[in-house]
Each structure stands twice: as C-alpha cells, then as structure tokens.
Amino acid sequence: MKTKIINATLLDVENNKVNYNTTVCIDNSNIVFVGENENLFAQSFVSDKVIDFEGDILSAGFINAHNHNAMTLFRGLKDDLPLDKWLFDNMFVIEKYLNKNDIYYGTQLGLLEGLKSGITTNFDSYFNQDAIVQANIDLKTRLVCSVGATQEQNSYNSIINMYKDLPKDNELISYMAYAHSIYTIDTKGLEDTVCVARDYKLPLHIHLAETLNEVGECVQKYNKTPIQLIEDIGFFEHKCLIAHGVHIDKDDYLSIVQKNVSVAHCPSSNMKLGSGIAPIYSMIEAGINVCLGTDGPASNNSIDMFREMYLGSLLQKVNLHETQIMPASLLVKMATINAAKALNLDNKIGKIKEGYKADLVRISINDINILPLNDYYSGIVYSGKPENVKMTMVNGEILYENGKFADFIDTDKIIFECKNANKRLKIESNI
C-alpha cells in the first residue's frame with residue numbers, strides 16, 4: 001500500500017528543527033520521500049491513501065527502551081513499597097502463577113496503552129518470550145525482545161535454546177541477550193549471557209545500579225561497583241543497554257564513555273519506587289547515549305512516553321537547580337533517535353527519513369491542553385498527553401487513529417482476558 005501524508009509539521013529532531021508544509025510518501029513499510037508539499041516527486045506520487053495533517057505535528061514513533069508489558073496485570077498491586085520488598089516479596093511471588101495466555105494478553109494490553117501514547121517500538125524484557133513475540137506479531141507492533149531472564153534461564157544452553165525457538169523471519173521482531181540483574185543472576189549466568197551475545201552477535205541488556213542497596217551489596221560481595229563487575233565480565237565488549245543506572249557514580253560513567261553503552265532512564269518508576277534520581281544530565285554531557293523507558297506498568301503505573309519526557313526534563317532541572325538544562329527537544333531526541341541507537345535499530349527507525357521505516361505519530365495542534373503552540377517541542381514535552389495522539393503508524397500501517405484501534409485488534413477480548421487473569425492470579429498467589 002502507498003500512503004501520502006501532506007501538510008504536516010514535521011519534527012526534524014536530528015537537526016533540532018521544525019519543517020512546515022511537509023509531505024511524506026510511504027511505499028508499504030518504507031519512507032521514500034520527505035520534503036515540501038510543492039516538490040514534483042511529492043505531487044506526482046500516486047498513493048492509495050492521502051492523509052491531510054492540516055498542520056498537525058508529525059513525529060517519529062516513540063521508542064520505549066525498557067518495559068515489561070505483561071506487568072499490566074499487576075498495575076496498582078502492592079504500591080508504595082521499596083524495590084526490594086515490592087519485587088522479592090510480591091512480584092516474584094505472583095509471577096510464579098503466570099501462564100503464557102496471561103503474558104500474551106497482558107503484553108497486548110500494554111501495547112494498546114503504548115500505541116495511544118505514540119509508542120511504536122518496545123524493548124520488552126520478561127519471560128515466556130514466545131508469548132511476548134506472538135502478542136506483538138498479532139498486533140503488528142515493533143519489538144525488541146529479551147532472550148534470557150531469571151537465574152534458571154541464564155545458562156548458555158538455555159538461552160541459546162530459547163533463542164533458537166523464537167521466530168527470525170519477521171522484520172518487526174529483533175532480540176537482545178538479557179540478564180535480569182547482578183542480584184538475581186550469579187557471575188556464571190552473567191558470563192554465559194555475554195557468551196551468547198558474542199556467539200550470536202546480539203546486544204546486551206541488564207538492570208543495573210537501580211538502588212543504593214544493590215550498589216552496597218555488590219561492593220561488599222565483589223569489592224567492585226556494579227559497573228566494574230559487569231565490565232570485568234565482558235558486557236562492554238558488546239553493544240550494551242543498561243536500565244536505570246540511578247547510582248552510577250562519576251568515575252564509573254566516565255569509564256564507559258568510550259564504550260558502546262547506552263542507559264535507559266525510567267524517571268517515573270525510579271520516583272515511585274524511591275530509587276533516586278539518575279545523573280543523566282551528567283551522563284549526556286559526558287557523551288553517553290541516554291534514552292527513555294517506562295519500566296513495567298506495575299512500578300510506574302502507566303505506559304506514557306509523554307510523562308517520561310516531562311519528568312526526564314524536570315527531575316534534572318530541580319535536582320541540579322538549573323532551568324536551562326535538558327531542553328524539550330533533547331527529551332524528544334531521547335525518545336526517538338537515542339532509543340533507536342540503544343536498541344541497535346538506528347538504521348531503521350527513530351527518524352523521519354528516506355529509507356527508514358514508517359513508524360510515525362500524529363499529534364494534534366488544536367487540543368486545549370497544548371494551545372497556544374509557541375514552541376512545538378515544548379508543547380509535546382511540557383504540555384503533551386496521550387490524548388493528543390491522533391494517529392500511530394507502525395511499519396506503514398495505521399494501528400491507532402482518532403481514538404480507535406485498527407479493526408483487526410479485538411480490544412474487548414484483550415480487556416476480558418486481562419481482568420480474568422488478574423482475579424485468578426491474586427487468588428492463587430494470595431497477593
């Protein structure tokens with residue numbers, strides 16, 4: 001199918017610009033033209049569908065660089081607890097009763113919420129990966145899926161067997177080798193995860209330095225900081241994405257500047273769990289690629305990229321008592337270009353550019369909460385909300401438009417299954 005978008009106000013995030021009266025031509029899943037409405041190619045492009053944006057904002061799709069979508073099933077369960085009690089005494093307990101059907105529909109519920117927020121790509125690190133992958137395939141959303149997770153799964157052979165069983169023939173699906181954390185995976189499991197990344201040429205992902213307790217226990221046990229520990233194990237010999245990094249000190253983040261390391265900042269979750277404020281301004285100034293994630297909806301409790309952009313800016317301003325840092329345009333870049341780089345997809349998504357995939361978002365310029373629009377980046381980051389999203393397109397196909405999901409998406413079924421799963425899980429786990 002060929003689609004032509006006209007009269008768009010395009011966010012050229014790469015150059016920190018706004019381009020007015022823009023046409024974007026899409027051939028199936030690929031962007032084949034970006035330019036002025038008056039361009040001869042734009043005018044002569046024969047399309048099956050023309051979408052007149054009427055001046056609305058056209059942004060690259062937002063990329064959620066750290067999430068556990070199926071934890072929608074636990075939203076609002078055991079709130080207001082510190083991470084260790086919330087995770088070990090509650091989440092790990094109830095997760096034992098999850099089945100693949102739960103994870104399939106819980107993942108889809110999270111994906112629907114993300115689409116309403118303009119999220120077109122998710123990095124999802126959870127278990128029963130085959131259910132996660134199928135949930136994304138069926139909704140036609142872009143996924144980077146974890147391979148590996150718990151202590152039991154993180155032997156070399158178990159990770160490889162898991163990876164071999166997952167589909168490799170869908171352009172929307174890619175993978176990263178994953179170790180949950182240094183406090184749930186022993187050093188042998190961490191080493192095996194690195195070996196899988198090496199042998200199968202996969203990027204790596206890990207939760208790291210999320211709390212002061214984690215850092216203190218690591219230093220006590222290994223006489224190393226978390227960064228030093230995984231560096232010695234070999235994580236930074238490969239492309240690596242660290243989730244959180246709340247308590248990475250200056251010496252540690254300076255030591256990884258020259259490495260191929262990114263950090264997924266999850267401000268809402270870090271605040272809600274009382275973990276602290278990650279020094280992302282200092283990391284960015286040092287040259288580290290920092291992107292944004294929502295974390296799971298049981299510790300957030302939303303999948304809302306607008307909120308993450310908002311808090312990602314304001315937290316640094318108030319923490320450092322400096323208003324001029326972390327401008328709105330940088331936060332949009334973190335949610336698009338930086339996240340694509342972190343997920344090893346920067347040659348496909350994150351930009352509205354010829355040759356890139358048509359993962360696009362339309363944001364209204366006429367909603368009350370966003371008017372008057374004196375600055376487009378500011379409007380999105382400081383005023384924007386999911387209800388301002390008028391269209392979310394993934395791979396050239398519209399999945400959400402004007403408050404409705406695509407006809408093939410059975411929203412009622414997803415909601416029904418998730419409600420039933422939530423009831424059953426609470427009874428079975430006594431949580």
# chains A, B, ... in the order shown; residues from 1 in each chain; ligands from 1

call {"tool": "select_by_dssp", "arguments": {"residues": "range 306-386 of chain A", "states": "helix (DSSP H, G or I)", "output": "NGL selection string"}}
result
:A and (306-320 or 328-335 or 337-342 or 368-370 or 376-383 or 386)

call {"tool": "write_last_selection", "arguments": {"atoms": "C-alpha atoms", "output": "short mmCIF file (atom, residue, chain, number, x, y, z; two decimals), in the first residue's frame"}}
result
data_model
loop_
_atom_site.label_atom_id
_atom_site.label_comp_id
_atom_site.auth_asym_id
_atom_site.auth_seq_id
_atom_site.Cartn_x
_atom_site.Cartn_y
_atom_site.Cartn_z
CA PHE A 306 4.80 11.98 27.34
CA ARG A 307 5.09 11.63 31.10
CA GLU A 308 8.58 10.13 30.86
CA MET A 309 9.75 13.03 28.68
CA TYR A 310 8.22 15.56 31.07
CA LEU A 311 9.73 14.03 34.19
CA GLY A 312 13.02 13.29 32.44
CA SER A 313 13.48 17.02 31.95
CA LEU A 314 12.06 18.39 35.18
CA LEU A 315 13.81 15.98 37.52
CA GLN A 316 17.22 17.13 36.32
CA LYS A 317 16.27 20.79 36.49
CA VAL A 318 15.10 20.59 40.10
CA ASN A 319 17.88 18.25 41.20
CA LEU A 320 20.62 20.48 39.81
CA ALA A 328 12.35 19.77 25.46
CA SER A 329 13.96 19.00 22.11
CA LEU A 330 16.55 16.79 23.83
CA LEU A 331 13.82 14.73 25.50
CA VAL A 332 12.12 14.09 22.15
CA LYS A 333 15.51 13.01 20.82
CA MET A 334 15.92 10.63 23.75
CA ALA A 335 12.51 9.08 22.96
CA ILE A 337 16.88 8.84 17.89
CA ASN A 338 18.72 7.90 21.09
CA ALA A 339 16.41 4.96 21.80
CA ALA A 340 16.80 3.62 18.27
CA LYS A 341 20.57 3.72 18.71
CA ALA A 342 20.34 1.95 22.07
CA ILE A 368 -6.96 22.76 24.61
CA ASN A 369 -4.10 21.48 26.78
CA ILE A 370 -1.48 22.16 24.11
CA TYR A 376 6.38 22.55 19.14
CA TYR A 377 8.95 20.65 21.20
CA SER A 378 7.86 22.42 24.37
CA GLY A 379 4.22 21.66 23.57
CA ILE A 380 4.92 17.94 23.32
CA VAL A 381 7.17 17.57 26.37
CA TYR A 382 5.70 20.04 28.86
CA SER A 383 2.03 20.01 27.81
CA PRO A 386 -1.61 10.63 25.16
#

call {"tool": "residues_around", "arguments": {"residues": "range 140-151 of chain A", "least_positions_apart": "2", "cutoff": "6 Å", "atoms": "only C-alpha atoms", "output": "PyMOL selection string"}}
result
chain A and resi 121-125+136-138+153-154+159+172-180+185

call {"tool": "residues_around", "arguments": {"residues": "Lys2 in chain A", "least_positions_apart": "5", "cutoff": "7 Å", "atoms": "only C-alpha atoms", "output": "ChimeraX atom specification"}}
result
/A:26-28,47-49

call {"tool": "write_last_selection", "arguments": {"atoms": "C-alpha atoms", "output": "mmCIF file, in the first residue's frame"}}
result
data_model
loop_
_atom_site.group_PDB
_atom_site.id
_atom_site.type_symbol
_atom_site.label_atom_id
_atom_site.label_comp_id
_atom_site.auth_asym_id
_atom_site.auth_seq_id
_atom_site.Cartn_x
_atom_site.Cartn_y
_atom_site.Cartn_z
ATOM 1 C CA ILE A 26 5.343 5.846 2.097
ATOM 2 C CA ASP A 27 5.649 2.735 -0.051
ATOM 3 C CA ASN A 28 4.409 -0.202 2.022
ATOM 4 C CA SER A 47 -0.888 6.757 -3.463
ATOM 5 C CA ASP A 48 -3.716 4.554 -2.286
ATOM 6 C CA LYS A 49 -4.388 6.891 0.615
#

call {"tool": "residues_around", "arguments": {"residues": "His68 in chain A", "least_positions_apart": "6", "cutoff": "12 Å", "atoms": "only C-alpha atoms", "output": "ChimeraX atom specification"}}
result
/A:74-75,103-104,106-111,114,122-129,132,143-146,149,180,243,269,293-303

call {"tool": "atom_distance", "arguments": {"atom1": "CA of Ile349 in chain A", "atom2": "CA of Leu115 in chain A"}}
result
15.9 Å

call {"tool": "atom_distance", "arguments": {"atom1": "CA of Tyr200 in chain A", "atom2": "CA of Gly355 in chain A"}}
result
26.3 Å

call {"tool": "residues_around", "arguments": {"residues": "Leu425 in chain A", "least_positions_apart": "6", "cutoff": "8 Å", "atoms": "only C-alpha atoms", "output": "list in words"}}
result
Ile94, Tyr97 and Leu98 of chain A
